[in-house]
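Some notes on the structure that comes next.
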Amino acid sequence: MKLNLGSLAFNADIETGGGTPTWGTELGQGDGYKFTIDNKEPLFTAMVYCSVSDQFDKITCPLGKGGSRRGDYEYVLASLFEKVFVNGKHVPKASFLLLIVKQIKGDFHIGRRTLKYNPRMTYEGEEINRECYEKIAATLGVAQDAAWFIDEINVRNQDELHFVAYVLNQKGPQLYSSNQERKEVMLRFRNAGEQSQYEVIDSAFRPYITSIKSKPFLLLAGISGTGKSRIVRELARACWTEGSAEREAHKPKNFEMIQVKPNWHDSSELIGYISRISGEPIFVAGEFLKFIAKAWEDKATPYFLCLDEMNLAPVEQYFAEYLSVIESRKSDDKGNIITDPIINPAFTDERDENTQEFIPQKWYVNLVDELLVGCPDDKIFGLRHQFLYDGISIPQNLIVIGTVNMDETTFSFSRKVLDRAMTIEMNEVDLDAGLTERYEHIGKLGYEELIGTAVEGVDVYSENKEVCDQALNYLKTVNAVLEGTPFKVAYRTRNEFLLYVVNNLPYNKDEEGHGLTEGYVIARALDEITSMKILSRIEGDESKVTERWLEELKKVIAEELMKISGEFVVENSVSLKKLDEMKMRLASGYTSFWS
């Protein structure tokens, strides 16, 4: 919902005075008023869902520019949101009050309804909106007296309140000669923001980005030397602004590469192990565990772990803990995605005299303190308590990507691994590429593009029912062909199909900037996820996989994709090309997705 420019502007002042923020948006007026704002239904549905209207006595609000005139207004609806996001980032421990009021007295605008979001509004005596605005500034990474403004209020999942914010001057206030000048500057920011971030991202990287957002565990498969590990580094680099030290660094701080060794058969090299050589137990932390702690310290930035040549050792052996923990992902009541601990807390039998909590074991305290060396002062207390008493879990911003070379020296993947990962093939080679520019031009990536807030199909179904139903009908038809085979898919794959399709919806422009139909975007995404999640599981000799069966599967996929979009070109289909490749391999008596 677009706001009145200036109604939510902070520290953007006028030399001559005036231009006082209204701190509200008019919804309509007159006895038979009509709401005129865009996308009003989700907003009001959410406001009813989060309503605290039976607690009007706990709410105060300065209703006009000159202060409170409660006698001229009545409160219509009040809603308290406990999940607040700005530019896609969760604002921690923030609450926000929205209030609809109706003018009942005065010479003008009788019956006018206004949505209020004043910082001076109180709930149970607390100015929670003012506190929320301060936390939004911190989340934006700007000074408390920085000049910034909010141009939109939106809602998701009924109880998530989302703001779109623009920073005018991140280091301090901004002074304008007139209200008109301020509005013109804000309009320039608004118009620049109208070009969606999704449009400036290189379309060649869309499958990587949307796969990661759907599931932060990705396999990059292909012949040696196609740049698989380089892509991971470049994705991490793209999270930083042009000209910044991290963008220019050979190894940005949000990137770590670990080379898998053939002798790995447990998690000791990655996660760590307890040593008793000195007599006292000491936990020797692995590089993966250290990187997890770094990601926790900087939750607003996506962190990329690259496991290079991941299948030189049996993945389900050395990575068993992660494979189990990633399946415990779920959204908590704050909209954060949490997991079970990958390292459980260890306690003694004694309790603290003050808190009555069990006292952690010495070796575990030493481990936590070692992991948090260098942690910023404003974060170390909270993280230390979290690690000590809740264990060390996988942060929402951690992305694990494994590079895969399939040959006689490597191990094949079990279904346990394939079912938990997204898979992208990288066998295309352009020998002219990379000769004129050192880095990939992916575009600026942020938290919103890479980190998903949905884990299961139910998280996206209600808001995208029509799109999800098309995906479900396609999957049911394809699954009917898989019936009676070990390749039939179930709920985990269904969820990832829905997430991948929904996450692709914003990418609705082609390379020339022309608009794509929704049907085409859905068909393209279904084609890609079919290759990633269904074809990657198919392997066997002629007793399991026959040429006739592969032809039937190919026919059904082509027909269903063309039903969804007549614009979809089957000759460009990644899944149909892969099926042709697998059919050719079957001539040797055995076929597989993996080359």
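Residues in the structure tokens are numbered from 1 in each chain, the chains being A, B, ... in the order shown, and ligands are numbered from 1 in the order shown.
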Please identify which residues in range 158-215 of chain A DSSP calls helix (DSSP H, G or I) from the backbone, and express them as a VMD selection string.
-> chain A and resid 179 to 194 197 to 200 203 to 214
Spatial neighbours of Ser531 in chain A, 9 Å, only C-alpha atoms, chain gap at least 3 places, as a PDB file with all heavy atoms, in the first residue's frame:
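Wrote result.pdb, looks like this:
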ATOM      1  N   THR A 423      19.301 -29.506  -6.972  1.00  0.00           N
ATOM      2  CA  THR A 423      20.407 -29.900  -7.849  1.00  0.00           C
ATOM      3  C   THR A 423      20.370 -29.098  -9.144  1.00  0.00           C
ATOM      4  O   THR A 423      19.324 -29.009  -9.788  1.00  0.00           O
ATOM      5  CB  THR A 423      20.333 -31.399  -8.187  1.00  0.00           C
ATOM      6  OG1 THR A 423      20.337 -32.152  -6.970  1.00  0.00           O
ATOM      7  CG2 THR A 423      21.515 -31.816  -9.040  1.00  0.00           C
ATOM      8  N   ILE A 424      21.521 -28.527  -9.507  1.00  0.00           N
ATOM      9  CA  ILE A 424      21.650 -27.813 -10.777  1.00  0.00           C
ATOM     10  C   ILE A 424      22.857 -28.364 -11.514  1.00  0.00           C
ATOM     11  O   ILE A 424      23.941 -28.502 -10.934  1.00  0.00           O
ATOM     12  CB  ILE A 424      21.802 -26.301 -10.556  1.00  0.00           C
ATOM     13  CG1 ILE A 424      20.522 -25.711  -9.966  1.00  0.00           C
ATOM     14  CG2 ILE A 424      22.135 -25.596 -11.869  1.00  0.00           C
ATOM     15  CD1 ILE A 424      20.595 -24.217  -9.701  1.00  0.00           C
ATOM     16  N   LEU A 526       8.444 -25.118 -13.203  1.00  0.00           N
ATOM     17  CA  LEU A 526       8.120 -26.542 -13.074  1.00  0.00           C
ATOM     18  C   LEU A 526       9.081 -27.404 -13.883  1.00  0.00           C
ATOM     19  O   LEU A 526       9.477 -28.499 -13.452  1.00  0.00           O
ATOM     20  CB  LEU A 526       6.672 -26.791 -13.525  1.00  0.00           C
ATOM     21  CG  LEU A 526       5.592 -26.297 -12.563  1.00  0.00           C
ATOM     22  CD1 LEU A 526       4.219 -26.407 -13.218  1.00  0.00           C
ATOM     23  CD2 LEU A 526       5.631 -27.090 -11.259  1.00  0.00           C
ATOM     24  N   ASP A 527       9.453 -26.930 -15.054  1.00  0.00           N
ATOM     25  CA  ASP A 527      10.427 -27.647 -15.874  1.00  0.00           C
ATOM     26  C   ASP A 527      11.749 -27.801 -15.125  1.00  0.00           C
ATOM     27  O   ASP A 527      12.331 -28.889 -15.054  1.00  0.00           O
ATOM     28  CB  ASP A 527      10.619 -26.883 -17.185  1.00  0.00           C
ATOM     29  CG  ASP A 527      11.677 -27.499 -18.074  1.00  0.00           C
ATOM     30  OD1 ASP A 527      11.716 -28.742 -18.175  1.00  0.00           O
ATOM     31  OD2 ASP A 527      12.461 -26.740 -18.673  1.00  0.00           O
ATOM     32  N   GLU A 528      12.219 -26.710 -14.517  1.00  0.00           N
ATOM     33  CA  GLU A 528      13.500 -26.741 -13.802  1.00  0.00           C
ATOM     34  C   GLU A 528      13.445 -27.609 -12.556  1.00  0.00           C
ATOM     35  O   GLU A 528      14.354 -28.413 -12.310  1.00  0.00           O
ATOM     36  CB  GLU A 528      13.909 -25.310 -13.436  1.00  0.00           C
ATOM     37  CG  GLU A 528      14.248 -24.453 -14.642  1.00  0.00           C
ATOM     38  CD  GLU A 528      14.300 -22.969 -14.340  1.00  0.00           C
ATOM     39  OE1 GLU A 528      13.896 -22.565 -13.226  1.00  0.00           O
ATOM     40  OE2 GLU A 528      14.738 -22.198 -15.217  1.00  0.00           O
ATOM     41  N   ILE A 534      13.065 -34.585  -9.482  1.00  0.00           N
ATOM     42  CA  ILE A 534      12.520 -35.876  -9.923  1.00  0.00           C
ATOM     43  C   ILE A 534      13.550 -36.639 -10.751  1.00  0.00           C
ATOM     44  O   ILE A 534      13.908 -37.776 -10.421  1.00  0.00           O
ATOM     45  CB  ILE A 534      11.213 -35.676 -10.712  1.00  0.00           C
ATOM     46  CG1 ILE A 534      10.109 -35.154  -9.782  1.00  0.00           C
ATOM     47  CG2 ILE A 534      10.773 -36.996 -11.352  1.00  0.00           C
ATOM     48  CD1 ILE A 534       8.783 -34.918 -10.456  1.00  0.00           C
ATOM     49  N   LEU A 535      14.055 -36.018 -11.800  1.00  0.00           N
ATOM     50  CA  LEU A 535      14.987 -36.733 -12.673  1.00  0.00           C
ATOM     51  C   LEU A 535      16.284 -37.079 -11.964  1.00  0.00           C
ATOM     52  O   LEU A 535      16.906 -38.101 -12.268  1.00  0.00           O
ATOM     53  CB  LEU A 535      15.281 -35.892 -13.922  1.00  0.00           C
ATOM     54  CG  LEU A 535      14.076 -35.472 -14.768  1.00  0.00           C
ATOM     55  CD1 LEU A 535      14.542 -34.882 -16.088  1.00  0.00           C
ATOM     56  CD2 LEU A 535      13.131 -36.642 -15.005  1.00  0.00           C
ATOM     57  N   SER A 536      16.705 -36.247 -10.996  1.00  0.00           N
ATOM     58  CA  SER A 536      17.955 -36.517 -10.279  1.00  0.00           C
ATOM     59  C   SER A 536      17.888 -37.805  -9.464  1.00  0.00           C
ATOM     60  O   SER A 536      18.923 -38.355  -9.081  1.00  0.00           O
ATOM     61  CB  SER A 536      18.294 -35.338  -9.358  1.00  0.00           C
ATOM     62  OG  SER A 536      17.310 -35.174  -8.364  1.00  0.00           O
ATOM     63  N   VAL A 574      14.737 -27.991 -20.000  1.00  0.00           N
ATOM     64  CA  VAL A 574      15.902 -28.646 -19.397  1.00  0.00           C
ATOM     65  C   VAL A 574      15.578 -30.083 -19.001  1.00  0.00           C
ATOM     66  O   VAL A 574      16.427 -30.973 -19.108  1.00  0.00           O
ATOM     67  CB  VAL A 574      16.412 -27.859 -18.174  1.00  0.00           C
ATOM     68  CG1 VAL A 574      16.962 -26.516 -18.583  1.00  0.00           C
ATOM     69  CG2 VAL A 574      15.324 -27.674 -17.125  1.00  0.00           C
ATOM     70  N   SER A 575      14.351 -30.335 -18.555  1.00  0.00           N
ATOM     71  CA  SER A 575      14.000 -31.699 -18.140  1.00  0.00           C
ATOM     72  C   SER A 575      13.847 -32.628 -19.345  1.00  0.00           C
ATOM     73  O   SER A 575      14.257 -33.798 -19.286  1.00  0.00           O
ATOM     74  CB  SER A 575      12.719 -31.688 -17.299  1.00  0.00           C
ATOM     75  OG  SER A 575      11.642 -31.130 -18.009  1.00  0.00           O
ATOM     76  N   LEU A 576      13.282 -32.135 -20.433  1.00  0.00           N
ATOM     77  CA  LEU A 576      13.114 -32.987 -21.612  1.00  0.00           C
ATOM     78  C   LEU A 576      14.468 -33.289 -22.269  1.00  0.00           C
ATOM     79  O   LEU A 576      14.703 -34.402 -22.756  1.00  0.00           O
ATOM     80  CB  LEU A 576      12.171 -32.320 -22.608  1.00  0.00           C
ATOM     81  CG  LEU A 576      10.739 -32.090 -22.095  1.00  0.00           C
ATOM     82  CD1 LEU A 576       9.888 -31.425 -23.165  1.00  0.00           C
ATOM     83  CD2 LEU A 576      10.092 -33.394 -21.637  1.00  0.00           C
ATOM     84  N   LYS A 578      17.266 -33.518 -20.634  1.00  0.00           N
ATOM     85  CA  LYS A 578      17.898 -34.485 -19.742  1.00  0.00           C
ATOM     86  C   LYS A 578      17.323 -35.887 -19.948  1.00  0.00           C
ATOM     87  O   LYS A 578      18.063 -36.885 -19.927  1.00  0.00           O
ATOM     88  CB  LYS A 578      17.732 -34.032 -18.288  1.00  0.00           C
ATOM     89  CG  LYS A 578      18.227 -35.024 -17.249  1.00  0.00           C
ATOM     90  CD  LYS A 578      19.660 -35.456 -17.454  1.00  0.00           C
ATOM     91  CE  LYS A 578      20.651 -34.371 -17.181  1.00  0.00           C
ATOM     92  NZ  LYS A 578      22.054 -34.889 -17.209  1.00  0.00           N
ATOM     93  N   LEU A 579      16.024 -35.992 -20.181  1.00  0.00           N
ATOM     94  CA  LEU A 579      15.419 -37.307 -20.436  1.00  0.00           C
ATOM     95  C   LEU A 579      15.954 -37.914 -21.728  1.00  0.00           C
ATOM     96  O   LEU A 579      16.177 -39.129 -21.803  1.00  0.00           O
ATOM     97  CB  LEU A 579      13.895 -37.172 -20.483  1.00  0.00           C
ATOM     98  CG  LEU A 579      13.207 -37.109 -19.111  1.00  0.00           C
ATOM     99  CD1 LEU A 579      11.747 -36.715 -19.261  1.00  0.00           C
ATOM    100  CD2 LEU A 579      13.310 -38.461 -18.391  1.00  0.00           C
ATOM    101  N   PHE A 593      20.684 -39.844 -13.997  1.00  0.00           N
ATOM    102  CA  PHE A 593      20.716 -38.397 -14.186  1.00  0.00           C
ATOM    103  C   PHE A 593      22.159 -37.910 -14.216  1.00  0.00           C
ATOM    104  O   PHE A 593      22.497 -36.959 -14.920  1.00  0.00           O
ATOM    105  CB  PHE A 593      19.961 -37.735 -13.021  1.00  0.00           C
ATOM    106  CG  PHE A 593      20.045 -36.239 -12.969  1.00  0.00           C
ATOM    107  CD1 PHE A 593      19.119 -35.451 -13.625  1.00  0.00           C
ATOM    108  CD2 PHE A 593      21.051 -35.604 -12.240  1.00  0.00           C
ATOM    109  CE1 PHE A 593      19.182 -34.067 -13.564  1.00  0.00           C
ATOM    110  CE2 PHE A 593      21.124 -34.217 -12.171  1.00  0.00           C
ATOM    111  CZ  PHE A 593      20.192 -33.450 -12.836  1.00  0.00           C
TER     112      PHE A 593
END
Who sits within 12 Å of Pro262 in chain A, only C-alpha atoms, same chain under 6 positions skipped, as an mmCIF file with C-alpha atoms, in the first residue's frame:
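Result saved to selection.cif:
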data_model
loop_
_atom_site.group_PDB
_atom_site.id
_atom_site.type_symbol
_atom_site.label_atom_id
_atom_site.label_comp_id
_atom_site.auth_asym_id
_atom_site.auth_seq_id
_atom_site.Cartn_x
_atom_site.Cartn_y
_atom_site.Cartn_z
ATOM 1 C CA GLU A 269 36.685 -32.804 10.267
ATOM 2 C CA ASP A 308 34.251 -28.551 -2.827
ATOM 3 C CA GLU A 309 34.132 -31.978 -4.527
ATOM 4 C CA MET A 310 31.507 -33.007 -2.036
ATOM 5 C CA ASN A 311 31.205 -36.620 -3.164
ATOM 6 C CA LEU A 312 34.878 -37.589 -2.823
ATOM 7 C CA ALA A 313 33.628 -39.199 0.412
ATOM 8 C CA PRO A 314 30.195 -40.649 1.320
ATOM 9 C CA VAL A 315 28.106 -37.539 2.034
ATOM 10 C CA GLN A 317 28.433 -40.335 6.577
ATOM 11 C CA TYR A 318 30.467 -37.161 7.112
ATOM 12 C CA THR A 409 36.691 -41.667 -8.418
ATOM 13 C CA THR A 410 33.611 -40.326 -6.627
ATOM 14 C CA PHE A 411 30.676 -41.716 -4.650
#
Contact residues around Ala94 in chain A with only C-alpha atoms at 12 Å, ignoring same-chain residues under 3 positions, as a ChimeraX atom specification | /A:80-86,90-91,97,127-139,160-162,334-335
Could you tell me which of A:Val481, A:Val373, A:Leu505, A:Ile150 comes closest to Lys555 in chain A if we count only C-alpha atoms?
-> A:Val481
Contacts of range 507-514 of chain A at 12 Å (only C-alpha atoms; same-chain gap of 3+ positions) as number ranges by chain = A: 195-207, 209-210, 449, 500-504, 517-525
Run DSSP on the backbone and give me the residues of range 342-591 of chain A it puts in strand (DSSP E or B), as a VMD selection string.
-> chain A and resid 342 to 343 347 to 351 358 to 360 392 to 393 398 to 404 422 to 425 509 515 539 to 541 590 to 591
Figure out the distance between CA of Asn263 in chain A and CA of Lys251 in chain A, please, to one decimal in Å.
->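 Result for CA of Lys251 in chain A versus CA of Asn263 in chain A: 26.8 Å, one decimal.
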Please provide the set of residues having any atom within 10 Å of Leu450 in chain A, restricted to only C-alpha atoms, with same-chain residues fewer than 5 positions apart removed, written as number ranges by chain.
-> A: 208-216, 235, 239, 301-302, 397, 399, 445, 503
Neighbours of Met257 in chain A within 8 Å (only C-alpha atoms; same-chain residues fewer than 6 positions away dropped), as a list in words?
-> Leu305, Cys306, Leu307 and Asp308 of chain A
To one decimal place, how far is CA of Leu371 in chain A from CA of Glu353 in chain A in Å?
-> 26.5 Å
Would you mind telling me which residue in A:Leu372, A:Ala295, A:Ala249, A:Ile326 lies nearest to Arg384 in chain A when using only C-alpha atoms?
-> A:Leu372
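Proximity ranking of A:Lys379, A:Arg120, A:His250, A:Lys228 relative to Ala293 in chain A places A:Lys379 first, based on only C-alpha atoms.
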From A:Phe568, A:Trp240, A:Tyr176, A:Trp296, residue lying nearest Glu15 in chain A [only C-alpha atoms] |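 Result for the nearest residue to Glu15 in chain A: A:Tyr176.
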With distances taken over only C-alpha atoms, which of A:Trp148, A:Phe487, A:Tyr73, A:Phe56 is nearest to Asp13 in chain A?
-> A:Trp148
Using only C-alpha atoms, pick whichever of A:Glu297, A:Glu448, A:Asp369, A:Glu552 has the shortest atom-to-atom distance to Pro395 in chain A.
->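 Answer, going by the shortest atom-to-atom distance: A:Glu297.
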